[in-house]
Amino acid sequence: MITFTINGQEVQGQDGWTILEVARWHGIDIPTLCHYEAVEPYGACRLCVVEVDDGKRSRVVISCMYPIRSGIQVKTDSPRVANVRRWIVQLLLDESPGAPKIQELAKAFRVTPSRFKKEGVEFACHLCGLCIRACQEVVGVQALTFGNRGVLKEVTAPYHQRSTDCIRCGTCLYVCPTGAMEQLFPQVSAP
Amino acid sequence: MQITSIDDLQKAKGVGLAQLYPDKPKILVGMATCGLAAGAQKVYDFLSKKAQDAHWGGVVEKTGCIGFCYKEPLVDAILPGQPRVTYEQVTPEIAGALWEELAAGKIPEKQVMARIDVDDMILNGGPRKFYKGKLKGFLAKTPRYEDLDFFKLQRHIAMRNCGFIDPDNLLHYIARGGYFALYNALTAMTPDEVIAAVTTAGLRGRGGGGFPTGVKWASCRKAKGWPKYVLCNADEGDPGAYMDRSLIEGDPHSILEGMLIGAYAIGSSEGYIYVRAEYPLAVKTLQRAIFAAREAGLLGQNILGTGFSFDIKLNLGGGAFVCGESTALMASIEGKPGEPRAKYVHTVDKGLWDRPSNLNNVETWANVPVIIAKGADWYRDTGTEGSKGTKIFSLVGQVKNVGLVEVPMGVSIKDLVMEVGGGVPENREFKAIQIGGPSGGCIPKEHWGLPIDFDSLWDAGAIMGSGGMIVMDNSTCMVDVAKFFLDFLIDESCGKCIPCRLGLKRMREILEEFSAGKGSLEDLEELQSLSEAVKDGSLCALGGSAPNPVLTTLRYFRDEYEAHILQGKCPAAVCKDLITYSINPELCNGCTACVNECPQGAITGTKKEPHTLNASLCIKCGACFEVCKFGAVAVA
Ligand SMILES: Cc1cc2nc3c(=O)[nH]c(=O)nc-3n(C[C@H](O)[C@H](O)[C@H](O)COP(=O)(O)O)c2cc1C
Ligand code: SF4
Ligand code: SF4
Ligand code: SF4
Ligand code: FES
Ligand code: FES
């Protein structure tokens with residue numbers, strides 16, 4: 001058993017657990033977007049950040065991947081953490097103002113659309129990769145992949161050809177937190 | 001030539017020395033990429049042909065870059081018993097003139113830049129003087145290279161062989177003490193002693209982070225797992241920086257020897273060099289060096305008869321800047337997309353193919369043989385308390401002497417710019433220096449007394465980075481500079497994590513408003529807090545350091561930001577939306593030069609009468625300003 005603290009409260013977890021797992025076990029809320037129990041963590045949305053003090057220095061890390069170590073002090077809502085989250089929610093909201101999950105987050109963080117809000121897009125894909133990981137790891141099919149990089153990065157079918165591997169199980173549609181898969185699906189799955 | 005014992009190594013050294021300094025005249029042409037870009041190939045071909053046709057008794061050879069990139073092509077002549085003489089900006093025509101005299105056994109005076117009296121040969125039993133007695137004639141008046149402003153403060157440790165050897169000649173490398181450190185390590189030191197030497201020497205990674213090299217090696221040695229990998233990062237993607245390229249092109253074996261020593265210390269038998277495919281000459285040079293070392297038995301099984309085995313593979317990088325990041329680099333070698341991943345489990349424990357892996361930068365590796373050969377104490381003599389040794393910088397931008405410089409850690413920014421760099425061009429003033437590449441920081445003139453070492457730069461908000469230095473004068477707008485670096489990083493972001501992919505874009509949008517004179521003081525605060533969110537929230541150090549130019553310009557040039565926002569003025573007259581061009585009738589004599597230059601036809605007037613500029617047609621391209629010889633075009 002590994003013992004450490006979250007927000008001053010002493011908690012315990014098994015070796016190999018992440019901070020997020022221990023926090024959830026103890027009912028401590030940490031927001032997430034690209035995390036889903038059934039698939040490997042990927043670390044893209046950064047919404048689950050916490051501040052970890054290991055006695056030497058204090059760092060902002062992602063709780064969905066940070067393995068617990070004994071004696072660390074975790075803060076789930078420090079000013080640095082709050083600043084990162086607020087901005088992530090702001091950026092997400094401005095990109096896809098129509099997505100219910102993001103509207104929920106925005107409400108919780110009291111964020112409203114800014115003057116840089118994208119016009120004409122309601123459900124943008126945030127490249128969280130959940131659909132791809134779920135398709136590979138849960139369904140066992142490789143119907144989806146990332147294409148391109150940087151600002152052009154996208155979810156697509158391999159080789160940009162509508163995928164005949166897709167069994168149309170709908171798992172990707174289910175896990176997608178933004179609703180973007182609804183729009184992408186016809187382009188990636190061959191009927 | 002097989003080199004499988006210390007006797008062989010000694011023999012190779014003898015042969016190499018005889019080739020390096022033969023008893024006959026020698027001409028050296030600097031043929032690294034910088035020299036080639038300036039036309040060195042033609043010069044080399046010309047001189048080789050002349051020598052061949054004349055059945056000349058001397059040799060014409062190529063060598064690497066000694067750092068004087070702005071004076072390339074460089075040609076050196078060594079006549080027996082005479083100092084080595086360096087000629088600058090040698091065109092084939094000038095080479096013709098040089099040849100005539102050299103062929104006649106005379107040392108030419110034309111285009112002479114400097115002379116070298118002694119080759120310091122730091123790894124090989126001390127200095128070797130080129131001549132005895134007193135110099136006469138123009139040679140006596142020619143400055144020694146170490147007395148040139150550009151060189152005075154320099155100290156070539158990593159670049160010890162650059163410009164002195166033919167990089168493709170293994171024997172030249174051995175002649176200057178190469179591979180003796182390896183022999184020493186393998187036969188007289190335990191791996192732990194090697195690590196202790198590197199730790200005591202205080203060597204810190206030259207690839208950006210400045211992580212203590214010995215500590216990294218020790219963790220990798222301790223890590224469980226097999227095989228272990230030793231990797232060299234030669235991905236160098238910073239625009240304008242080419243230290244690593246130059247080291248590879250000038251002295252590839254110093255990197256191989258460093259990796260061999262590291263592999264012995266860590267307990268590895270397999271290495272990779274990840275090199276940018278856009279560096280064709282560096283790739284070829286490495287291929288040839290690896291081949292030569294293998295042929296000689298210095299790579300492969302049972303090296304130098306000690307039982308130690310190690311080999312190196314080359315891996316060509318696809319050219320993305322982010323592939324220089326350690327985890328992205330390893331993913332790329334594995335054949336996966338070059339994307340970073342979280343490093344909460346260190347790569348020394350689980351790196352390439354999830355095996356313990358030790359990655360160091362090209363320059364870091366090149367320093368290793370020196371530490372083993374000269375000892376940790378010798379190495380510690382150079383540098384500052386926390387940063388030992390030297391660092392190579394590529395000095396570019398608004399300075400007179402553009403080039404590669406290797407200086408002791410701790411040299412001040414001022415000395416680097418004003419002495420080594422020769423100051424900014426006439427009639428301009430030094431304003432700031434961007435240190436550490438696109439994600440480094442901008443340090444202003446008030447702080448130019450700052451010693452350049454890892455910790456001082458960090459405290460000032462900049463980073464050592466890989467060593468790119470861009471000098472800016474008072475014609476530079478800091479808001480514009482921040483935009484410029486952000487543009488590069490936005491292009492290079494891999495797009496995986498949100499703070500970097502979307503945050504940098506938003507920072508850019510806010511800056512765009514500023515340079516149009518829009519925005520408020522609150523927006524300055526927003527930019528600051530967004531920068532901090534990107535820094536704290538990003539997955540890898542690309543996003544983690546990308547806000548540095550914005551944060552440092554906000555810190556040191558806040559007044560300039562405020563001028564844009566509050567007064568709608570760009571003090572450096574760069575931001576197009578905030579400037580206007582006009583013609584001063586007092587100064588304009590009606591030469592009409594600007595009329596022909598203006599793409600908009602915005603300037604009209606009769607010949608020999610003051611002209612007028614119609615601001616509503618002007619697109620602010622600045623063509624008239626550039627062309628007017630009378631300073632009559634005003635920009636405000
Ligand atoms: C975006 C990015 C690009 C990088 N590019 C390089 C590079 O081109 N060369 C390099 O040696 N290190 C580069 N680094 C640093 C490496 O991740 C790593 O720290 C370094 O190679 C370790 O070697 P060192 O300890 O000898 O410096 C880069 C880091 C980041 C975040
Ligand atoms: S519907 Fe197709 S793409 Fe989506 S998870 Fe299932 S198989 Fe994969
Ligand atoms: S489509 Fe949905 S699940 Fe897939 S990456 Fe985009 S946002 Fe994530
Ligand atoms: S910080 Fe930028 S480059 Fe690094 S993983 Fe995130 S998106 Fe990619
Ligand atoms: S939930 Fe942890 S990074 Fe997305
Ligand atoms: S005099 Fe005005 S531009 Fe020539």
# chains A, B, ... in the order shown; residues from 1 in each chain; ligands from 1

call {"tool": "select_by_dssp", "arguments": {"residues": "region 4-162 of chain A", "states": "strand (DSSP E or B)", "output": "list of chain:residue names"}}
result
A:Phe4, A:Thr5, A:Ile6, A:Gln9, A:Glu10, A:Val11, A:Gln12, A:Gly13, A:Thr18, A:Val49, A:Val50, A:Glu51, A:Val52, A:Asp53, A:Ser58, A:Arg59, A:Val60, A:Val61, A:Ile62, A:Pro67, A:Gln73, A:Val74, A:Lys75, A:Thr145, A:Phe146, A:Gly147, A:Glu154, A:Val155, A:Thr156

call {"tool": "residues_near_ligand", "arguments": {"ligand": "ligand 6", "cutoff": "6 Å", "atoms": "only C-alpha atoms and all ligand atoms", "output": "VMD selection string"}}
result
chain B and resid 588 to 594 628 630 632

call {"tool": "write_last_selection", "arguments": {"atoms": "all heavy atoms", "output": "compact mmCIF listing (two decimals), in the first residue's frame"}}
result
# COMPACT_ATOMS: atom_id res chain seq x y z
N CYS B 588 13.08 65.42 -49.76
CA CYS B 588 12.86 64.79 -51.07
C CYS B 588 13.33 65.73 -52.18
O CYS B 588 12.95 66.90 -52.21
CB CYS B 588 11.38 64.47 -51.24
SG CYS B 588 11.00 63.78 -52.87
N ASN B 589 14.17 65.19 -53.08
CA ASN B 589 14.61 66.03 -54.19
C ASN B 589 14.01 65.59 -55.51
O ASN B 589 14.44 66.00 -56.58
CB ASN B 589 16.14 66.08 -54.25
CG ASN B 589 16.74 64.73 -54.61
OD1 ASN B 589 16.00 63.80 -54.93
ND2 ASN B 589 18.04 64.62 -54.58
N GLY B 590 13.03 64.69 -55.42
CA GLY B 590 12.32 64.31 -56.63
C GLY B 590 13.09 63.40 -57.56
O GLY B 590 12.96 63.49 -58.77
N CYS B 591 13.87 62.49 -57.00
CA CYS B 591 14.67 61.59 -57.85
C CYS B 591 13.79 60.55 -58.54
O CYS B 591 14.24 59.87 -59.45
CB CYS B 591 15.77 60.91 -57.03
SG CYS B 591 15.17 59.58 -55.99
N THR B 592 12.58 60.35 -58.05
CA THR B 592 11.56 59.41 -58.58
C THR B 592 11.87 57.93 -58.35
O THR B 592 11.15 57.07 -58.82
CB THR B 592 11.28 59.60 -60.10
OG1 THR B 592 12.37 59.04 -60.85
CG2 THR B 592 11.03 61.04 -60.47
N ALA B 593 12.92 57.65 -57.64
CA ALA B 593 13.26 56.24 -57.40
C ALA B 593 12.10 55.51 -56.75
O ALA B 593 11.76 54.38 -57.12
CB ALA B 593 14.50 56.13 -56.50
N CYS B 594 11.46 56.17 -55.77
CA CYS B 594 10.39 55.51 -55.03
C CYS B 594 9.16 55.28 -55.91
O CYS B 594 8.46 54.29 -55.76
CB CYS B 594 10.03 56.34 -53.81
SG CYS B 594 9.61 58.04 -54.21
N CYS B 628 14.85 54.96 -51.02
CA CYS B 628 15.20 56.39 -50.97
C CYS B 628 16.58 56.61 -50.37
O CYS B 628 16.86 56.21 -49.26
CB CYS B 628 14.16 57.17 -50.14
SG CYS B 628 14.57 58.93 -50.06
N PHE B 630 17.83 59.49 -49.79
CA PHE B 630 17.93 60.80 -49.13
C PHE B 630 17.23 60.84 -47.78
O PHE B 630 17.08 61.89 -47.17
CB PHE B 630 17.39 61.88 -50.06
CG PHE B 630 18.04 61.81 -51.42
CD1 PHE B 630 17.46 61.11 -52.46
CD2 PHE B 630 19.28 62.41 -51.61
CE1 PHE B 630 18.09 61.01 -53.70
CE2 PHE B 630 19.91 62.33 -52.85
CZ PHE B 630 19.32 61.63 -53.90
N ALA B 632 14.21 60.57 -47.20
CA ALA B 632 13.03 61.43 -47.27
C ALA B 632 11.74 60.69 -46.93
O ALA B 632 10.73 61.31 -46.66
CB ALA B 632 12.93 62.04 -48.66

call {"tool": "residues_near_ligand", "arguments": {"ligand": "ligand 2", "cutoff": "9 Å", "atoms": "only C-alpha atoms and all ligand atoms", "output": "compact mmCIF listing (two decimals) with all heavy atoms, in the first residue's frame"}}
result
# COMPACT_ATOMS: atom_id res chain seq x y z
N CYS A 131 -12.21 7.53 -29.29
CA CYS A 131 -12.83 6.68 -30.30
C CYS A 131 -11.82 5.69 -30.85
O CYS A 131 -12.10 4.50 -31.00
CB CYS A 131 -13.41 7.53 -31.43
SG CYS A 131 -12.22 8.69 -32.14
N ILE A 132 -10.61 6.18 -31.13
CA ILE A 132 -9.57 5.34 -31.72
C ILE A 132 -9.16 4.24 -30.74
O ILE A 132 -9.07 3.06 -31.09
CB ILE A 132 -8.35 6.19 -32.09
CG1 ILE A 132 -8.74 7.23 -33.14
CG2 ILE A 132 -7.21 5.32 -32.58
CD1 ILE A 132 -7.65 8.23 -33.46
N ARG A 133 -8.95 4.65 -29.48
CA ARG A 133 -8.52 3.67 -28.49
C ARG A 133 -9.63 2.66 -28.23
O ARG A 133 -9.37 1.47 -28.08
CB ARG A 133 -8.12 4.39 -27.20
CG ARG A 133 -6.72 5.02 -27.28
CD ARG A 133 -6.39 5.80 -26.04
NE ARG A 133 -7.11 7.08 -25.99
CZ ARG A 133 -7.48 7.67 -24.87
NH1 ARG A 133 -7.24 7.13 -23.71
NH2 ARG A 133 -8.10 8.84 -24.93
N ALA A 134 -10.89 3.14 -28.17
CA ALA A 134 -11.99 2.21 -27.88
C ALA A 134 -12.14 1.22 -29.02
O ALA A 134 -12.32 0.02 -28.81
CB ALA A 134 -13.29 2.99 -27.67
N CYS A 135 -12.02 1.74 -30.24
CA CYS A 135 -12.16 0.87 -31.41
C CYS A 135 -11.07 -0.21 -31.39
O CYS A 135 -11.34 -1.37 -31.64
CB CYS A 135 -12.07 1.71 -32.68
SG CYS A 135 -12.22 0.77 -34.21
N GLN A 136 -9.85 0.19 -31.05
CA GLN A 136 -8.75 -0.77 -31.05
C GLN A 136 -8.79 -1.70 -29.85
O GLN A 136 -8.67 -2.91 -29.97
CB GLN A 136 -7.41 -0.03 -31.03
CG GLN A 136 -7.05 0.53 -32.38
CD GLN A 136 -5.64 1.08 -32.41
OE1 GLN A 136 -4.87 0.92 -31.47
NE2 GLN A 136 -5.30 1.74 -33.49
N VAL A 138 -11.14 -1.98 -27.22
CA VAL A 138 -12.37 -2.63 -26.75
C VAL A 138 -12.97 -3.50 -27.85
O VAL A 138 -13.28 -4.66 -27.63
CB VAL A 138 -13.41 -1.58 -26.26
CG1 VAL A 138 -14.68 -2.26 -25.79
CG2 VAL A 138 -12.80 -0.72 -25.16
N VAL A 139 -13.11 -2.93 -29.04
CA VAL A 139 -13.74 -3.67 -30.12
C VAL A 139 -12.74 -4.62 -30.79
O VAL A 139 -13.10 -5.66 -31.31
CB VAL A 139 -14.34 -2.69 -31.17
CG1 VAL A 139 -15.16 -3.44 -32.20
CG2 VAL A 139 -15.17 -1.62 -30.49
N GLY A 140 -11.45 -4.23 -30.74
CA GLY A 140 -10.44 -5.08 -31.35
C GLY A 140 -10.34 -4.92 -32.85
O GLY A 140 -9.93 -5.81 -33.57
N VAL A 141 -10.70 -3.72 -33.31
CA VAL A 141 -10.70 -3.44 -34.74
C VAL A 141 -9.86 -2.18 -34.93
O VAL A 141 -9.74 -1.37 -34.03
CB VAL A 141 -12.16 -3.21 -35.22
CG1 VAL A 141 -12.20 -2.62 -36.60
CG2 VAL A 141 -12.93 -4.51 -35.16
N GLN A 142 -9.24 -2.03 -36.11
CA GLN A 142 -8.47 -0.81 -36.34
C GLN A 142 -9.12 0.01 -37.44
O GLN A 142 -8.54 0.26 -38.48
CB GLN A 142 -7.03 -1.14 -36.71
CG GLN A 142 -6.37 -2.03 -35.69
CD GLN A 142 -4.90 -1.71 -35.51
OE1 GLN A 142 -4.33 -0.96 -36.26
NE2 GLN A 142 -4.31 -2.29 -34.49
N ALA A 143 -10.35 0.42 -37.16
CA ALA A 143 -11.08 1.15 -38.18
C ALA A 143 -10.77 2.64 -38.17
O ALA A 143 -11.06 3.35 -39.12
CB ALA A 143 -12.57 0.93 -37.97
N LEU A 144 -10.16 3.12 -37.07
CA LEU A 144 -9.91 4.56 -36.93
C LEU A 144 -8.45 4.81 -36.62
O LEU A 144 -7.79 3.99 -36.01
CB LEU A 144 -10.76 5.11 -35.77
CG LEU A 144 -12.28 5.01 -35.90
CD1 LEU A 144 -12.93 5.38 -34.59
CD2 LEU A 144 -12.75 5.94 -37.01
N ALA A 157 -10.04 7.38 -41.08
CA ALA A 157 -9.82 5.94 -41.26
C ALA A 157 -8.43 5.76 -41.85
O ALA A 157 -7.92 6.66 -42.49
CB ALA A 157 -10.89 5.38 -42.19
N SER A 163 -13.38 3.02 -43.96
CA SER A 163 -12.86 1.76 -43.46
C SER A 163 -13.86 0.61 -43.62
O SER A 163 -14.98 0.68 -43.14
CB SER A 163 -12.50 1.93 -41.99
OG SER A 163 -11.94 0.74 -41.52
N THR A 164 -13.39 -0.45 -44.26
CA THR A 164 -14.23 -1.64 -44.39
C THR A 164 -14.07 -2.54 -43.16
O THR A 164 -14.80 -3.51 -42.99
CB THR A 164 -13.86 -2.45 -45.65
OG1 THR A 164 -12.43 -2.55 -45.70
CG2 THR A 164 -14.34 -1.76 -46.90
N ASP A 165 -13.08 -2.22 -42.30
CA ASP A 165 -12.91 -3.00 -41.07
C ASP A 165 -14.00 -2.69 -40.05
O ASP A 165 -14.23 -3.46 -39.13
CB ASP A 165 -11.55 -2.68 -40.42
CG ASP A 165 -10.41 -3.28 -41.22
OD1 ASP A 165 -10.69 -4.13 -42.08
OD2 ASP A 165 -9.26 -2.88 -40.99
N CYS A 166 -14.61 -1.53 -40.19
CA CYS A 166 -15.60 -1.09 -39.20
C CYS A 166 -16.78 -2.06 -39.17
O CYS A 166 -17.35 -2.41 -40.21
CB CYS A 166 -16.08 0.31 -39.56
SG CYS A 166 -17.48 0.84 -38.57
N ILE A 167 -17.13 -2.51 -37.96
CA ILE A 167 -18.26 -3.44 -37.84
C ILE A 167 -19.54 -2.70 -37.42
O ILE A 167 -20.55 -3.31 -37.10
CB ILE A 167 -17.95 -4.57 -36.84
CG1 ILE A 167 -17.57 -3.98 -35.46
CG2 ILE A 167 -16.83 -5.47 -37.36
CD1 ILE A 167 -17.50 -5.00 -34.36
N ARG A 168 -19.43 -1.38 -37.41
CA ARG A 168 -20.58 -0.52 -37.09
C ARG A 168 -21.20 -0.86 -35.73
O ARG A 168 -22.40 -0.90 -35.56
CB ARG A 168 -21.63 -0.59 -38.21
CG ARG A 168 -21.03 -0.18 -39.56
CD ARG A 168 -22.03 -0.28 -40.69
NE ARG A 168 -22.88 0.93 -40.79
CZ ARG A 168 -22.49 2.08 -41.30
NH1 ARG A 168 -21.26 2.22 -41.73
NH2 ARG A 168 -23.32 3.09 -41.38
N CYS A 169 -20.32 -1.04 -34.76
CA CYS A 169 -20.80 -1.37 -33.42
C CYS A 169 -21.25 -0.13 -32.65
O CYS A 169 -21.98 -0.22 -31.68
CB CYS A 169 -19.70 -2.07 -32.64
SG CYS A 169 -18.27 -1.00 -32.35
N GLY A 170 -20.77 1.03 -33.08
CA GLY A 170 -21.20 2.27 -32.44
C GLY A 170 -20.45 2.63 -31.16
O GLY A 170 -20.77 3.62 -30.50
N THR A 171 -19.43 1.87 -30.82
CA THR A 171 -18.67 2.16 -29.61
C THR A 171 -18.06 3.56 -29.65
O THR A 171 -18.10 4.32 -28.68
CB THR A 171 -17.55 1.12 -29.41
OG1 THR A 171 -18.15 -0.17 -29.47
CG2 THR A 171 -16.85 1.30 -28.09
N CYS A 172 -17.50 3.90 -30.79
CA CYS A 172 -16.86 5.21 -30.92
C CYS A 172 -17.88 6.33 -30.71
O CYS A 172 -17.58 7.35 -30.09
CB CYS A 172 -16.19 5.34 -32.29
SG CYS A 172 -17.30 5.00 -33.66
N LEU A 173 -19.07 6.12 -31.23
CA LEU A 173 -20.12 7.14 -31.08
C LEU A 173 -20.46 7.31 -29.61
O LEU A 173 -20.70 8.41 -29.12
CB LEU A 173 -21.36 6.72 -31.87
CG LEU A 173 -21.15 6.66 -33.38
CD1 LEU A 173 -22.24 5.84 -34.04
CD2 LEU A 173 -21.12 8.08 -33.95
N TYR A 174 -20.44 6.19 -28.90
CA TYR A 174 -20.81 6.21 -27.50
C TYR A 174 -19.76 6.92 -26.64
O TYR A 174 -20.10 7.71 -25.76
CB TYR A 174 -21.01 4.77 -27.03
CG TYR A 174 -21.26 4.67 -25.55
CD1 TYR A 174 -22.47 5.09 -25.01
CD2 TYR A 174 -20.27 4.19 -24.70
CE1 TYR A 174 -22.70 5.02 -23.65
CE2 TYR A 174 -20.49 4.14 -23.33
CZ TYR A 174 -21.71 4.55 -22.80
OH TYR A 174 -21.92 4.48 -21.47
N VAL A 175 -18.47 6.66 -26.91
CA VAL A 175 -17.44 7.24 -26.04
C VAL A 175 -17.11 8.69 -26.39
O VAL A 175 -16.56 9.41 -25.56
CB VAL A 175 -16.11 6.43 -26.05
CG1 VAL A 175 -16.31 5.07 -25.43
CG2 VAL A 175 -15.53 6.35 -27.45
N MET A 181 -18.01 12.59 -33.36
CA MET A 181 -18.01 11.32 -34.09
C MET A 181 -19.29 11.15 -34.91
O MET A 181 -19.26 10.54 -35.98
CB MET A 181 -17.80 10.17 -33.10
CG MET A 181 -17.43 8.84 -33.73
SD MET A 181 -16.51 8.86 -35.26
CE MET A 181 -14.85 8.64 -34.75
N PHE A 185 -18.47 9.98 -38.52
CA PHE A 185 -18.72 8.55 -38.78
C PHE A 185 -18.96 8.22 -40.26
O PHE A 185 -18.32 7.30 -40.79
CB PHE A 185 -19.87 8.07 -37.90
CG PHE A 185 -19.95 6.58 -37.84
CD1 PHE A 185 -18.95 5.85 -37.20
CD2 PHE A 185 -20.99 5.88 -38.44
CE1 PHE A 185 -19.00 4.46 -37.15
CE2 PHE A 185 -21.04 4.51 -38.39
CZ PHE A 185 -20.05 3.79 -37.74
N VAL A 188 -15.73 7.96 -42.15
CA VAL A 188 -14.69 6.99 -41.84
C VAL A 188 -15.15 5.55 -41.99
O VAL A 188 -14.34 4.65 -42.17
CB VAL A 188 -14.12 7.19 -40.41
CG1 VAL A 188 -13.41 8.51 -40.33
CG2 VAL A 188 -15.19 7.07 -39.36
N SER A 189 -16.45 5.33 -41.90
CA SER A 189 -16.91 3.95 -41.95
C SER A 189 -17.56 3.67 -43.32
O SER A 189 -18.41 4.42 -43.77
CB SER A 189 -17.93 3.73 -40.84
OG SER A 189 -18.58 2.52 -41.04

call {"tool": "closest_atom_pairs", "arguments": {"of": "chain A", "to": "ligand 4", "cutoff": "12 Å", "atoms": "only C-alpha atoms and all ligand atoms", "output": "Markdown table"}}
result
| residue | atom | partner | partner_atom_place_in_ligand_line | distance |
| --- | --- | --- | --- | --- |
| A:Tyr42 | CA | ligand 4 | 5 (S) | 10.6 |
| A:Gly43 | CA | ligand 4 | 5 (S) | 8.9 |
| A:Ala44 | CA | ligand 4 | 6 (Fe) | 7.2 |
| A:Cys45 | CA | ligand 4 | 6 (Fe) | 9.3 |
| A:Arg46 | CA | ligand 4 | 6 (Fe) | 9.4 |
| A:His126 | CA | ligand 4 | 7 (S) | 11.7 |
| A:Leu127 | CA | ligand 4 | 7 (S) | 10.5 |
| A:Cys128 | CA | ligand 4 | 7 (S) | 11.5 |
| A:Arg149 | CA | ligand 4 | 8 (Fe) | 8.8 |
| A:Gly150 | CA | ligand 4 | 7 (S) | 7.0 |
| A:Val151 | CA | ligand 4 | 7 (S) | 9.2 |
| A:Leu152 | CA | ligand 4 | 7 (S) | 11.7 |
| A:Lys153 | CA | ligand 4 | 7 (S) | 10.1 |

call {"tool": "residues_around", "arguments": {"residues": "Lys129 (chain B)", "least_positions_apart": "3", "cutoff": "12 Å", "atoms": "only C-alpha atoms", "output": "PyMOL selection string"}}
result
chain B and resi 21+80-84+116-121+126+132-133

call {"tool": "write_last_selection", "arguments": {"atoms": "N, CA and C atoms", "output": "short mmCIF file (atom, residue, chain, number, x, y, z; two decimals), in the first residue's frame"}}
result
data_model
loop_
_atom_site.label_atom_id
_atom_site.label_comp_id
_atom_site.auth_asym_id
_atom_site.auth_seq_id
_atom_site.Cartn_x
_atom_site.Cartn_y
_atom_site.Cartn_z
N TYR B 21 50.34 16.38 -40.55
CA TYR B 21 51.40 17.35 -40.74
C TYR B 21 52.54 16.72 -41.52
N PRO B 80 55.75 23.74 -44.82
CA PRO B 80 56.57 23.18 -43.74
C PRO B 80 57.41 24.28 -43.07
N GLY B 81 57.41 24.27 -41.74
CA GLY B 81 58.20 25.24 -41.00
C GLY B 81 57.61 26.64 -40.98
N GLN B 82 56.39 26.79 -41.42
CA GLN B 82 55.74 28.10 -41.45
C GLN B 82 54.44 28.04 -40.67
N PRO B 83 53.94 29.18 -40.20
CA PRO B 83 52.64 29.14 -39.53
C PRO B 83 51.56 28.73 -40.52
N ARG B 84 50.46 28.22 -39.96
CA ARG B 84 49.30 27.92 -40.79
C ARG B 84 48.60 29.24 -41.07
N ILE B 116 47.88 30.80 -37.68
CA ILE B 116 47.85 29.94 -36.51
C ILE B 116 49.28 29.52 -36.23
N ASP B 117 49.77 29.88 -35.05
CA ASP B 117 51.16 29.57 -34.70
C ASP B 117 51.30 28.18 -34.08
N VAL B 118 50.29 27.86 -33.27
CA VAL B 118 50.35 26.59 -32.55
C VAL B 118 49.04 25.83 -32.72
N ASP B 119 49.17 24.55 -32.88
CA ASP B 119 48.00 23.69 -32.83
C ASP B 119 47.96 23.15 -31.41
N ASP B 120 46.92 23.50 -30.65
CA ASP B 120 46.97 23.17 -29.21
C ASP B 120 46.76 21.69 -28.90
N MET B 121 46.18 20.94 -29.83
CA MET B 121 46.06 19.48 -29.67
C MET B 121 45.76 19.07 -28.25
N GLY B 126 49.93 17.99 -25.64
CA GLY B 126 50.28 19.41 -25.62
C GLY B 126 50.48 20.01 -26.98
N LYS B 132 59.74 27.68 -36.05
CA LYS B 132 60.70 28.14 -35.04
C LYS B 132 61.19 29.52 -35.45
N GLY B 133 61.70 30.25 -34.49
CA GLY B 133 62.30 31.55 -34.80
C GLY B 133 61.27 32.65 -34.94
#

call {"tool": "residues_around", "arguments": {"residues": "Phe109 (chain A)", "least_positions_apart": "4", "cutoff": "9 Å", "atoms": "only C-alpha atoms", "output": "JSON list (two decimals) with N, CA and C atoms, in the first residue's frame"}}
result
[["chain", "number", "residue", "atom", "x", "y", "z"],
["A", 85, "ARG", "N", -7.03, 24.50, -15.94],
["A", 85, "ARG", "CA", -8.37, 23.98, -16.26],
["A", 85, "ARG", "C", -9.25, 25.04, -16.88],
["A", 86, "ARG", "N", -9.22, 26.22, -16.26],
["A", 86, "ARG", "CA", -10.09, 27.28, -16.78],
["A", 86, "ARG", "C", -9.78, 27.52, -18.26],
["A", 89, "VAL", "N", -10.97, 24.63, -20.58],
["A", 89, "VAL", "CA", -12.42, 24.68, -20.80],
["A", 89, "VAL", "C", -12.77, 25.83, -21.74],
["A", 104, "GLU", "N", -21.44, 21.49, -20.04],
["A", 104, "GLU", "CA", -21.50, 21.14, -18.62],
["A", 104, "GLU", "C", -20.24, 21.61, -17.89],
["A", 105, "LEU", "N", -19.10, 21.30, -18.50],
["A", 105, "LEU", "CA", -17.82, 21.73, -17.92],
["A", 105, "LEU", "C", -17.78, 23.25, -17.80]]

call {"tool": "residues_near_ligand", "arguments": {"ligand": "ligand 1", "cutoff": "7 Å", "atoms": "only C-alpha atoms and all ligand atoms", "output": "ChimeraX atom specification"}}
result
/B:204-211,213,233-238,321-326,359-362,364,466,540-542

call {"tool": "residues_around", "arguments": {"residues": "Val50 (chain A)", "least_positions_apart": "6", "cutoff": "6 Å", "atoms": "only C-alpha atoms", "output": "ChimeraX atom specification"}}
result
/A:60-61,75-76,81

call {"tool": "residues_near_ligand", "arguments": {"ligand": "ligand 5", "cutoff": "8 Å", "atoms": "only C-alpha atoms and all ligand atoms", "output": "ChimeraX atom specification"}}
result
/A:31-36,41-49,62-65,128
